[in-house]
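Source file model12.csv; content: CSV, C-alpha atoms.
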```csv
chain,number,residue,atom,x,y,z
A,1,MET,CA,-69.6,232.9,98.0
A,2,PRO,CA,-66.0,231.7,97.1
A,3,PRO,CA,-65.7,228.3,95.4
A,4,ALA,CA,-64.8,225.3,97.5
A,5,GLU,CA,-61.2,224.0,97.5
A,6,ASP,CA,-62.4,220.8,95.9
A,7,ASP,CA,-64.1,222.7,93.1
A,8,LEU,CA,-61.0,224.8,92.4
A,9,ARG,CA,-58.9,221.6,92.2
A,10,ASP,CA,-61.5,220.1,89.9
A,11,GLN,CA,-61.3,223.1,87.6
A,12,SER,CA,-57.5,222.9,87.7
A,13,ALA,CA,-57.5,219.3,86.6
A,14,GLU,CA,-60.0,220.0,83.8
A,15,ARG,CA,-57.9,222.9,82.6
A,16,PHE,CA,-54.7,220.8,82.5
A,17,LEU,CA,-56.7,218.0,80.7
A,18,ARG,CA,-57.7,220.4,78.0
A,19,LEU,CA,-54.0,221.3,77.5
A,20,VAL,CA,-53.1,217.7,77.4
A,21,GLN,CA,-55.6,217.1,74.5
A,22,GLN,CA,-54.5,220.1,72.4
A,23,LYS,CA,-51.1,219.0,71.1
A,24,ARG,CA,-49.1,215.9,70.3
A,25,ARG,CA,-46.2,217.2,72.3
A,26,GLY,CA,-46.7,216.5,76.0
A,27,ARG,CA,-47.6,219.3,78.3
A,28,LEU,CA,-45.5,220.3,81.4
A,29,LYS,CA,-46.9,221.5,84.7
A,30,VAL,CA,-44.6,222.6,87.5
A,31,TYR,CA,-45.4,223.0,91.1
A,32,LEU,CA,-43.0,225.5,92.5
A,33,GLY,CA,-42.3,226.0,96.2
A,34,LEU,CA,-40.1,228.2,98.5
A,35,ALA,CA,-38.6,225.2,100.4
A,36,ALA,CA,-39.1,221.6,101.3
A,37,GLY,CA,-42.3,220.9,103.2
A,38,VAL,CA,-44.7,223.4,101.6
A,39,GLY,CA,-46.8,220.6,100.1
A,40,LYS,CA,-45.7,220.3,96.5
A,41,THR,CA,-45.9,216.5,96.3
A,42,TYR,CA,-49.2,216.4,98.2
A,43,ARG,CA,-50.7,218.9,95.6
A,44,MET,CA,-49.4,216.8,92.7
A,45,LEU,CA,-51.0,213.7,94.1
A,46,GLN,CA,-54.2,215.5,94.6
A,47,GLU,CA,-54.2,216.5,91.0
A,48,ALA,CA,-53.4,213.0,89.9
A,49,HIS,CA,-56.5,211.8,91.8
A,50,ASP,CA,-58.6,214.5,90.1
A,51,LEU,CA,-57.3,213.5,86.6
A,52,HIS,CA,-57.8,209.8,87.4
A,53,HIS,CA,-61.4,210.7,88.4
A,54,HIS,CA,-61.9,212.3,85.0
A,55,GLY,CA,-60.8,209.1,83.2
A,56,VAL,CA,-57.3,210.2,82.4
A,57,ASP,CA,-54.5,207.6,82.2
A,58,VAL,CA,-52.2,209.0,84.8
A,59,VAL,CA,-49.4,207.1,86.5
A,60,LEU,CA,-46.8,207.9,89.2
A,61,ALA,CA,-43.3,207.4,87.8
A,62,TYR,CA,-41.5,208.8,90.8
A,63,VAL,CA,-42.9,210.1,94.0
A,64,GLU,CA,-40.8,211.0,97.1
A,65,THR,CA,-43.1,211.0,100.2
A,66,HIS,CA,-40.3,211.4,102.8
A,67,GLY,CA,-42.5,209.2,105.0
A,68,ARG,CA,-45.1,212.0,105.5
A,69,LEU,CA,-48.3,210.2,106.4
A,70,GLY,CA,-50.6,212.6,104.6
A,71,THR,CA,-48.6,212.3,101.4
A,72,VAL,CA,-48.3,208.5,101.7
A,73,ALA,CA,-52.1,208.3,102.0
A,74,GLN,CA,-52.5,210.1,98.7
A,75,LEU,CA,-50.7,207.2,96.9
A,76,ARG,CA,-53.8,205.1,97.4
A,77,ASP,CA,-55.6,203.9,94.2
A,78,LEU,CA,-53.1,205.5,91.8
A,79,PRO,CA,-51.0,203.4,89.4
A,80,LEU,CA,-47.4,203.4,90.4
A,81,LEU,CA,-44.6,202.4,88.1
A,82,THR,CA,-41.8,200.2,89.6
A,83,ARG,CA,-38.5,202.0,90.0
A,84,LYS,CA,-35.4,200.5,88.4
A,85,THR,CA,-32.4,199.5,90.5
A,86,LEU,CA,-28.9,200.7,89.6
A,87,TYR,CA,-25.7,199.6,91.4
A,88,TYR,CA,-23.1,202.3,92.1
A,89,LYS,CA,-20.0,201.8,94.3
A,90,GLY,CA,-21.5,198.6,95.7
A,91,ARG,CA,-24.8,200.1,96.6
A,92,ALA,CA,-28.2,199.4,95.1
A,93,LEU,CA,-30.0,202.7,94.3
A,94,GLU,CA,-33.4,203.3,92.9
A,95,GLU,CA,-34.2,205.6,90.0
A,96,MET,CA,-37.2,206.5,87.9
A,97,ASP,CA,-37.5,203.9,85.1
A,98,LEU,CA,-37.5,206.3,82.0
A,99,ALA,CA,-37.7,203.4,79.5
A,100,ALA,CA,-40.8,202.0,81.3
A,101,VAL,CA,-42.5,205.4,81.2
A,102,LEU,CA,-41.9,205.7,77.4
A,103,GLN,CA,-43.0,202.1,76.9
A,104,ARG,CA,-46.1,202.5,79.0
A,105,ARG,CA,-47.1,205.8,77.4
A,106,PRO,CA,-49.7,207.1,79.8
A,107,GLN,CA,-51.4,210.4,79.1
A,108,VAL,CA,-50.0,212.0,82.2
A,109,VAL,CA,-47.1,211.0,84.4
A,110,VAL,CA,-46.1,212.4,87.9
A,111,VAL,CA,-42.4,212.9,88.4
A,112,ASP,CA,-41.2,214.3,91.7
A,113,GLU,CA,-37.9,216.0,92.6
A,114,LEU,CA,-37.2,217.7,89.2
A,115,ALA,CA,-33.7,218.8,90.3
A,116,HIS,CA,-32.5,215.3,91.2
A,117,THR,CA,-29.2,214.1,89.9
A,118,ASN,CA,-29.5,210.6,88.5
A,119,VAL,CA,-27.2,207.7,89.5
A,120,PRO,CA,-24.2,207.4,87.1
A,121,GLY,CA,-25.1,204.9,84.4
A,122,SER,CA,-28.6,206.4,83.8
A,123,LYS,CA,-29.5,207.5,80.3
A,124,ASN,CA,-29.5,211.2,81.4
A,125,GLU,CA,-27.4,212.9,84.1
A,126,LYS,CA,-30.4,214.9,85.4
A,127,ARG,CA,-34.1,214.2,86.0
A,128,TRP,CA,-35.2,217.3,84.2
A,129,GLN,CA,-33.6,215.8,81.1
A,130,ASP,CA,-35.7,212.7,81.7
A,131,VAL,CA,-38.8,214.9,81.9
A,132,GLU,CA,-37.8,216.6,78.6
A,133,ASP,CA,-37.6,213.2,76.9
A,134,ILE,CA,-41.0,212.3,78.3
A,135,VAL,CA,-42.6,215.5,77.1
A,136,ARG,CA,-41.0,215.2,73.6
A,137,ALA,CA,-42.5,211.7,73.4
A,138,GLY,CA,-46.0,213.2,73.7
A,139,ILE,CA,-46.6,212.4,77.4
A,140,SER,CA,-47.6,215.2,79.7
A,141,VAL,CA,-45.8,215.6,83.0
A,142,ILE,CA,-46.6,217.1,86.4
A,143,THR,CA,-43.5,217.8,88.4
A,144,ALA,CA,-42.2,219.8,91.3
A,145,VAL,CA,-39.2,221.8,92.3
A,146,ASN,CA,-38.1,224.4,94.9
A,147,VAL,CA,-37.1,227.9,93.8
A,148,GLN,CA,-33.6,227.6,95.2
A,149,HIS,CA,-32.9,225.0,92.5
A,150,LEU,CA,-33.3,227.4,89.6
A,151,GLU,CA,-29.9,227.9,87.9
A,152,SER,CA,-30.1,231.7,87.5
A,153,LEU,CA,-30.9,232.2,91.2
A,154,HIS,CA,-27.9,230.2,92.5
A,155,ASP,CA,-25.9,233.2,93.6
A,156,GLN,CA,-28.9,234.9,95.2
A,157,VAL,CA,-29.8,231.8,97.1
A,158,LEU,CA,-26.2,231.4,98.3
A,159,LYS,CA,-26.1,234.9,99.6
A,160,ILE,CA,-29.5,234.5,101.3
A,161,THR,CA,-29.1,231.1,102.9
A,162,GLY,CA,-25.3,230.4,102.9
A,163,THR,CA,-26.2,227.1,101.2
A,164,ASP,CA,-24.5,226.1,97.9
A,165,VAL,CA,-27.3,224.3,96.1
A,166,THR,CA,-25.6,221.8,93.9
A,167,GLU,CA,-28.7,220.3,92.2
A,168,ARG,CA,-30.0,222.9,89.8
A,169,VAL,CA,-32.5,223.2,86.9
A,170,PRO,CA,-32.0,225.4,83.9
A,171,ASP,CA,-34.5,228.3,83.8
A,172,GLN,CA,-35.4,227.3,80.3
A,173,VAL,CA,-37.2,224.2,81.7
A,174,LEU,CA,-39.5,226.4,83.8
A,175,LYS,CA,-40.0,228.9,80.9
A,176,GLN,CA,-41.1,226.0,78.6
A,177,ALA,CA,-43.7,224.9,81.2
A,178,ASP,CA,-47.4,225.3,80.2
A,179,GLU,CA,-48.3,225.9,83.8
A,180,VAL,CA,-46.4,226.9,86.9
A,181,VAL,CA,-48.2,226.8,90.2
A,182,ASN,CA,-46.9,228.4,93.3
A,183,VAL,CA,-47.4,226.2,96.4
A,184,ASP,CA,-47.2,228.8,99.1
A,185,LEU,CA,-47.1,228.7,102.9
A,186,THR,CA,-46.4,231.6,105.3
A,187,VAL,CA,-43.1,231.5,107.1
A,188,ASP,CA,-44.8,230.7,110.4
A,189,GLU,CA,-46.8,227.9,109.0
A,190,LEU,CA,-43.7,226.3,107.4
A,191,ARG,CA,-41.6,226.6,110.6
A,192,THR,CA,-44.5,225.1,112.6
A,193,ARG,CA,-44.7,222.1,110.2
A,194,LEU,CA,-40.9,221.7,110.7
A,195,GLU,CA,-41.2,221.8,114.5
A,196,GLU,CA,-44.0,219.3,114.4
A,197,GLY,CA,-41.8,216.8,112.6
A,198,LYS,CA,-43.8,216.9,109.3
A,199,ILE,CA,-40.8,217.8,107.1
A,200,TYR,CA,-37.6,216.2,108.6
A,201,ASP,CA,-36.7,213.7,111.2
A,202,PRO,CA,-36.9,215.2,114.7
A,203,GLN,CA,-33.2,215.1,115.2
A,204,LYS,CA,-32.6,217.3,112.2
A,205,VAL,CA,-35.2,220.0,113.2
A,206,PRO,CA,-33.1,222.1,115.5
A,207,ALA,CA,-30.2,222.5,113.0
A,208,ALA,CA,-32.7,223.3,110.2
A,209,LEU,CA,-34.4,226.0,112.2
A,210,ARG,CA,-31.1,227.6,113.0
A,211,ASN,CA,-29.8,227.5,109.4
A,212,PHE,CA,-31.8,227.2,106.2
A,213,PHE,CA,-35.2,227.7,107.8
A,214,GLN,CA,-34.5,231.0,109.5
A,215,PRO,CA,-37.5,233.4,109.1
A,216,GLN,CA,-35.5,235.9,107.1
A,217,ASN,CA,-34.2,233.2,104.7
A,218,LEU,CA,-37.7,231.9,104.1
A,219,LEU,CA,-39.2,235.3,103.6
A,220,GLN,CA,-36.7,236.0,100.8
A,221,LEU,CA,-37.1,232.6,99.2
A,222,ARG,CA,-40.9,233.1,99.3
A,223,GLU,CA,-40.5,236.4,97.5
A,224,LEU,CA,-38.3,234.8,94.9
A,225,ALA,CA,-40.9,232.0,94.3
A,226,LEU,CA,-43.8,234.5,94.1
A,227,ARG,CA,-41.9,236.7,91.7
A,228,GLU,CA,-41.0,233.7,89.5
A,229,VAL,CA,-44.6,232.5,89.1
A,230,ALA,CA,-45.7,236.1,88.4
A,231,ASN,CA,-43.0,236.4,85.7
A,232,GLN,CA,-44.1,233.2,84.2
A,233,LEU,CA,-47.8,234.3,84.2
A,234,GLY,CA,-46.8,237.6,82.6
A,235,HIS,CA,-44.9,235.9,79.8
A,236,GLN,CA,-48.0,233.7,79.1
A,237,ILE,CA,-50.3,236.7,79.0
A,238,ASP,CA,-47.9,238.6,76.7
A,239,ALA,CA,-47.6,235.5,74.4
A,240,GLY,CA,-51.4,235.3,74.3
A,241,ALA,CA,-51.8,239.0,73.5
A,242,ALA,CA,-49.1,238.8,70.8
A,243,ALA,CA,-50.9,236.0,69.1
A,244,THR,CA,-53.9,238.2,68.5
A,245,VAL,CA,-52.0,241.1,66.8
A,246,GLN,CA,-49.7,241.4,63.8
A,247,PRO,CA,-46.4,239.6,64.3
A,248,GLN,CA,-43.7,241.9,65.6
A,249,ARG,CA,-41.0,241.8,68.2
A,250,ARG,CA,-42.5,242.9,71.5
A,251,ASN,CA,-39.1,243.9,73.0
A,252,ALA,CA,-36.2,245.3,71.0
A,253,ASP,CA,-33.7,245.2,73.9
A,254,ARG,CA,-30.6,243.1,73.2
A,255,LEU,CA,-28.2,242.4,76.1
A,256,LEU,CA,-24.5,241.6,75.8
A,257,ALA,CA,-22.7,240.1,78.9
A,258,CYS,CA,-19.0,240.4,78.8
A,259,VAL,CA,-17.0,237.7,80.5
A,260,ASN,CA,-13.4,236.5,80.8
A,261,THR,CA,-11.7,233.5,82.4
A,262,ASN,CA,-12.5,234.6,86.0
A,263,ALA,CA,-14.8,231.6,86.5
A,264,GLU,CA,-16.8,232.8,89.5
A,265,ALA,CA,-17.3,236.3,88.2
A,266,ALA,CA,-18.5,234.9,84.8
A,267,LYS,CA,-21.0,232.7,86.5
A,268,GLU,CA,-22.6,235.6,88.4
A,269,ILE,CA,-22.6,237.8,85.3
A,270,ILE,CA,-24.3,235.2,83.2
A,271,ARG,CA,-26.9,234.3,85.8
A,272,LYS,CA,-27.8,238.0,86.4
A,273,THR,CA,-27.9,238.7,82.7
A,274,SER,CA,-30.4,235.9,82.3
A,275,ARG,CA,-32.6,237.3,85.1
A,276,LEU,CA,-32.3,240.8,83.7
A,277,ALA,CA,-33.3,239.7,80.2
A,278,ASP,CA,-36.3,237.9,81.7
A,279,ARG,CA,-37.4,241.1,83.6
A,280,LEU,CA,-37.1,243.0,80.3
A,281,GLY,CA,-39.8,240.8,78.8
A,282,GLY,CA,-37.7,238.1,77.4
A,283,ALA,CA,-35.1,240.3,75.7
A,284,ARG,CA,-32.5,238.6,73.6
A,285,TRP,CA,-29.1,238.2,75.2
A,286,ALA,CA,-25.6,236.9,74.4
A,287,VAL,CA,-22.4,236.2,76.2
A,288,LEU,CA,-19.2,237.6,74.7
A,289,TYR,CA,-15.7,236.2,75.5
A,290,VAL,CA,-12.8,238.0,73.9
A,291,GLN,CA,-9.7,235.8,73.8
A,292,THR,CA,-6.5,237.8,74.0
A,293,PRO,CA,-3.1,236.3,73.1
A,294,ALA,CA,-2.4,236.0,76.8
A,295,GLU,CA,-5.4,233.6,77.1
A,296,SER,CA,-4.6,231.4,74.1
A,297,SER,CA,-5.2,227.7,74.8
A,298,ASP,CA,-1.5,227.0,75.1
A,299,ARG,CA,-1.0,229.7,77.7
A,300,ILE,CA,-3.8,229.0,80.2
A,301,GLY,CA,-4.3,225.8,82.2
A,302,LEU,CA,-6.7,223.0,81.5
A,303,ALA,CA,-8.7,223.8,84.6
A,304,THR,CA,-9.2,227.4,83.4
A,305,GLN,CA,-10.3,226.2,80.0
A,306,ARG,CA,-12.7,223.8,81.5
A,307,HIS,CA,-14.3,226.4,83.7
A,308,LEU,CA,-14.7,228.7,80.7
A,309,ILE,CA,-16.3,226.0,78.6
A,310,ASN,CA,-18.7,225.2,81.5
A,311,ASN,CA,-19.7,228.8,81.9
A,312,LEU,CA,-20.4,229.2,78.2
A,313,GLN,CA,-22.5,226.0,78.4
A,314,LEU,CA,-24.3,227.5,81.4
A,315,ALA,CA,-25.2,230.6,79.2
A,316,THR,CA,-26.6,228.3,76.6
A,317,GLU,CA,-28.7,226.4,79.1
A,318,LEU,CA,-30.1,229.7,80.4
A,319,GLY,CA,-31.1,230.8,76.8
A,320,GLY,CA,-28.2,233.0,75.8
A,321,GLN,CA,-26.2,233.1,72.6
A,322,ILE,CA,-22.4,232.5,72.7
A,323,LEU,CA,-20.0,234.8,70.9
A,324,ARG,CA,-16.3,234.2,70.9
A,325,VAL,CA,-13.8,236.5,69.2
A,326,LYS,CA,-10.0,237.0,69.3
A,327,GLY,CA,-8.3,240.3,69.7
A,328,THR,CA,-5.6,242.3,71.5
A,329,ASP,CA,-7.9,245.2,72.4
A,330,VAL,CA,-10.7,243.8,74.5
A,331,VAL,CA,-12.7,247.1,74.7
A,332,ALA,CA,-12.5,247.6,70.9
A,333,GLU,CA,-13.8,244.1,70.3
A,334,VAL,CA,-16.6,244.5,72.8
A,335,LEU,CA,-17.7,247.8,71.1
A,336,ARG,CA,-17.4,246.3,67.6
A,337,VAL,CA,-19.6,243.3,68.5
A,338,ALA,CA,-22.1,245.5,70.4
A,339,ALA,CA,-22.5,247.6,67.2
A,340,GLU,CA,-22.8,244.6,64.9
A,341,GLN,CA,-25.4,243.0,67.2
A,342,ASN,CA,-27.4,246.2,67.9
A,343,VAL,CA,-26.8,245.8,71.6
A,344,SER,CA,-28.7,248.2,73.8
A,345,LEU,CA,-27.2,247.1,77.2
A,346,LEU,CA,-23.7,245.9,78.1
A,347,ILE,CA,-23.4,243.9,81.3
A,348,CYS,CA,-19.9,243.9,82.8
A,349,GLY,CA,-18.4,242.9,86.1
A,350,VAL,CA,-16.5,244.9,88.7
A,351,THR,CA,-14.9,243.6,91.9
A,352,SER,CA,-16.5,244.6,95.1
A,353,GLU,CA,-13.2,244.7,96.9
A,354,LYS,CA,-12.8,248.2,98.6
A,355,SER,CA,-14.8,250.7,96.7
A,356,TRP,CA,-16.0,249.7,93.2
A,357,LEU,CA,-15.8,253.4,92.3
A,358,ASP,CA,-12.1,253.3,93.1
A,359,LYS,CA,-11.7,250.1,91.1
A,360,LEU,CA,-13.5,251.8,88.2
A,361,ALA,CA,-11.2,254.7,88.3
A,362,ARG,CA,-8.2,252.4,87.6
A,363,ARG,CA,-7.1,251.3,84.2
A,364,SER,CA,-9.3,248.1,84.1
A,365,VAL,CA,-11.1,246.8,81.0
A,366,THR,CA,-14.4,247.8,82.5
A,367,ALA,CA,-13.2,251.3,83.3
A,368,GLU,CA,-11.9,251.7,79.8
A,369,LEU,CA,-15.1,250.5,78.4
A,370,VAL,CA,-17.1,253.0,80.4
A,371,ARG,CA,-14.8,255.8,79.3
A,372,ARG,CA,-15.0,254.9,75.6
A,373,VAL,CA,-18.8,254.6,75.7
A,374,ALA,CA,-19.2,257.9,77.4
A,375,ALA,CA,-16.7,259.7,75.1
A,376,GLY,CA,-18.2,258.2,72.0
A,377,ASN,CA,-21.8,259.1,72.8
A,378,ARG,CA,-22.8,255.6,71.8
A,379,ASP,CA,-26.4,254.5,71.9
A,380,VAL,CA,-25.7,251.8,74.5
A,381,ASP,CA,-26.0,251.6,78.3
A,382,ILE,CA,-23.7,249.8,80.7
A,383,TYR,CA,-24.9,247.7,83.7
A,384,LEU,CA,-22.3,247.0,86.3
A,385,ILE,CA,-22.4,243.8,88.4
A,386,THR,CA,-20.3,243.6,91.5
A,387,TYR,CA,-18.8,240.3,92.4
```
Transcribe the structure of this file into structure tokens.
Amino acid sequence: MPPAEDDLRDQSAERFLRLVQQKRRGRLKVYLGLAAGVGKTYRMLQEAHDLHHHGVDVVLAYVETHGRLGTVAQLRDLPLLTRKTLYYKGRALEEMDLAAVLQRRPQVVVVDELAHTNVPGSKNEKRWQDVEDIVRAGISVITAVNVQHLESLHDQVLKITGTDVTERVPDQVLKQADEVVNVDLTVDELRTRLEEGKIYDPQKVPAALRNFFQPQNLLQLRELALREVANQLGHQIDAGAAATVQPQRRNADRLLACVNTNAEAAKEIIRKTSRLADRLGGARWAVLYVQTPAESSDRIGLATQRHLINNLQLATELGGQILRVKGTDVVAEVLRVAAEQNVSLLICGVTSEKSWLDKLARRSVTAELVRRVAAGNRDVDIYLITY
């Protein structure tokens, strides 16, 4: 006979409690969903009640109920920290009080809306940075985020939904989590909740059903969420297995993403390289930018320089290494760095305009790179990303 839902939740709370007690550094548990309304906040509050029942000092630092009656009811009997008020452009706005959390020092704190951007004037720009501060202070955190907010998935989500998600969380935050739990609903269940007014105000429902909450969109987002949790579990299993055998690198793959000052192409290459490295079992990867004389700082605009710096920073946030070299022959520099770094896979971009095969046949940098690799019988593969 399968265990009851209450028993499963009880076991989950006990397991997280054991994690909390193991290290001085706080533990991080993330509830991941495919979209708003699947029940992430409700599940977090249920766990908070379970931990409280076990005698754990758990507090709610920030919870967004969106006025959902079932979620509001779960706030009962749980300690709630007062939010701080910040004034921005003449408006009073509420934020989580990070200083109060650190001063209060509970064992576990619940922090909703991980991807949230803080009001200007806050200590950190993003809430995920607040969570990192809390975990470093030795306080464990239970938080929640939707899969569309993961940085490396931005381009995929944009193509699936047509929505440019501006609030994003670096994948490293999820990778550093001790537990990632998928909060899943079928597409029909989620759309029914939306139609019943359990997610958004009634006047917003028709537009939501026609746009973001289309069945095909939700099916693809659900697949992304399930895959993300499966990858996370796979990494944890691999890490546990590696701890029982002699130390050695589990995966010798090393990836090198080649980018230039084409800002949008560079973003897509970087994000897809991060995902590819993850699928290869956490392979090491780096981003290479070869600066030619034509792209010296006195010959390109400030906006171009800023986009380049932002993209290199994005690679760092996603776990990549940054390599910058100068040279007149871009292909020669790429091959030199690849040899020095023992790269097994080069990732390059090619425009999707017309036929990419036609583009590859022209005298582009990517085309020349492919020709030299093929002619030189080099022990390296090339992965082409269309943009």
May I ask which of the residues A:Arg227, A:Arg25, A:Lys272, A:Arg306 is the closest one to A:Thr386, counting only C-alpha atoms?
A:Lys272
Return the single residue from A:Val343, A:Leu314, A:Val131, A:Leu185 that is closest to A:Leu102, with distances computed using only C-alpha atoms.
A:Val131
Taking all atoms listed in the file into account, which of A:Gly319, A:Gly301, A:Gly33, A:Gly197 comes nearest A:Asn182?
A:Gly33
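Of the listed residues (A:Ile139, A:Leu158, A:Val145, A:Leu226), A:Val145 comes nearest to A:Asp171; the distances count all atoms listed in the file.
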Who sits within 10 Å of stretch 263-267 of chain A, all atoms listed in the file, same chain under 4 positions skipped, as a PyMOL selection string
chain A and resi 152+154-155+257-259+271-273+287+289+304-312+314-315+348-351+385-387
Taking C-alpha atoms for each residue, export the selection above as a compact mmCIF listing (two decimals), keeping the file's coordinate frame.
```
# COMPACT_ATOMS: atom_id res chain seq x y z
CA SER A 152 -30.10 231.70 87.50
CA HIS A 154 -27.90 230.20 92.50
CA ASP A 155 -25.90 233.20 93.60
CA ALA A 257 -22.70 240.10 78.90
CA CYS A 258 -19.00 240.40 78.80
CA VAL A 259 -17.00 237.70 80.50
CA ARG A 271 -26.90 234.30 85.80
CA LYS A 272 -27.80 238.00 86.40
CA THR A 273 -27.90 238.70 82.70
CA VAL A 287 -22.40 236.20 76.20
CA TYR A 289 -15.70 236.20 75.50
CA THR A 304 -9.20 227.40 83.40
CA GLN A 305 -10.30 226.20 80.00
CA ARG A 306 -12.70 223.80 81.50
CA HIS A 307 -14.30 226.40 83.70
CA LEU A 308 -14.70 228.70 80.70
CA ILE A 309 -16.30 226.00 78.60
CA ASN A 310 -18.70 225.20 81.50
CA ASN A 311 -19.70 228.80 81.90
CA LEU A 312 -20.40 229.20 78.20
CA LEU A 314 -24.30 227.50 81.40
CA ALA A 315 -25.20 230.60 79.20
CA CYS A 348 -19.90 243.90 82.80
CA GLY A 349 -18.40 242.90 86.10
CA VAL A 350 -16.50 244.90 88.70
CA THR A 351 -14.90 243.60 91.90
CA ILE A 385 -22.40 243.80 88.40
CA THR A 386 -20.30 243.60 91.50
CA TYR A 387 -18.80 240.30 92.40
```
Point out the residue among A:Ala230, A:Val331, A:Leu81, A:Leu323 with the least atom-to-atom distance to A:Asp97, counting only C-alpha atoms.
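Looking only at the distances to A:Asp97, the closest residue turns out to be A:Leu81.
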Nearest to A:Asp178 by atom-to-atom distance, counting only C-alpha atoms, from A:Ile134, A:Leu150, A:Val30, A:Val109:
A:Val30
Give me, please, the distance in Å between atom CA of A:Asp50 and atom CA of A:Ser12, quoted to one decimal.
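Pair atom CA of A:Asp50 / atom CA of A:Ser12 returns 8.8 Å.
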Can you list, as an MDAnalysis selection string, every protein, DNA or RNA residue that comes within 8 Å of A:Thr161 when you count all atoms listed in the file, leaving out same-chain residues fewer than 3 positions away?
chainID A and resid 157:158 211:212 217
Might you pull out every residue within 10 Å of stretch 68-77 of chain A, with only C-alpha atoms counted and same-chain residues fewer than 4 positions away left off, and present them as a list in words?
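Counting only C-alpha atoms, the residues come to Gly37, Gly39, Lys40, Thr41, Tyr42, Arg43, Met44, Leu45, Gln46, Ala48, His49, His52, Leu60, Val63, Glu64, Gly197, Lys198, Ile199 and Tyr200 of chain A.
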What is the distance between atom CA of A:Thr82 and atom CA of A:Ala61, in Å to one decimal?
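Calculated distance between atom CA of A:Thr82 and atom CA of A:Ala61 is 7.6 Å.
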Coordinates-based distance that separates atom CA of A:Ala177 from atom CA of A:Gly121 (Å, one decimal)
27.5 Å
Could you give me, as an MDAnalysis selection string, the residues that sit within 7 Å of (-52.5, 224.7, 80.7) in the file's coordinates, counting all atoms listed in the file?
chainID A and resid 15:16 19 178:179
Listed atoms of stretch 363-371 of chain A boxed along x, y and z, 4 Å each side, centre and edge lengths in Å, one decimal, as lines of an AutoDock Vina configuration file:
```
center_x = -12.1
center_y = 251.3
center_z = 81.3
size_x = 18.0
size_y = 17.0
size_z = 13.8
```
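Shell of A:Ala339 at 12 Å, with only C-alpha atoms counted and residues fewer than 2 places along the chain excluded, is A:Arg254, A:Leu255, A:Leu256, A:Ala332, A:Glu333, A:Val334, A:Leu335, A:Arg336, A:Val337, A:Gln341, A:Asn342, A:Val343, A:Ser344, A:Leu345, A:Leu346, A:Val373, A:Arg378, A:Asp379, A:Val380.
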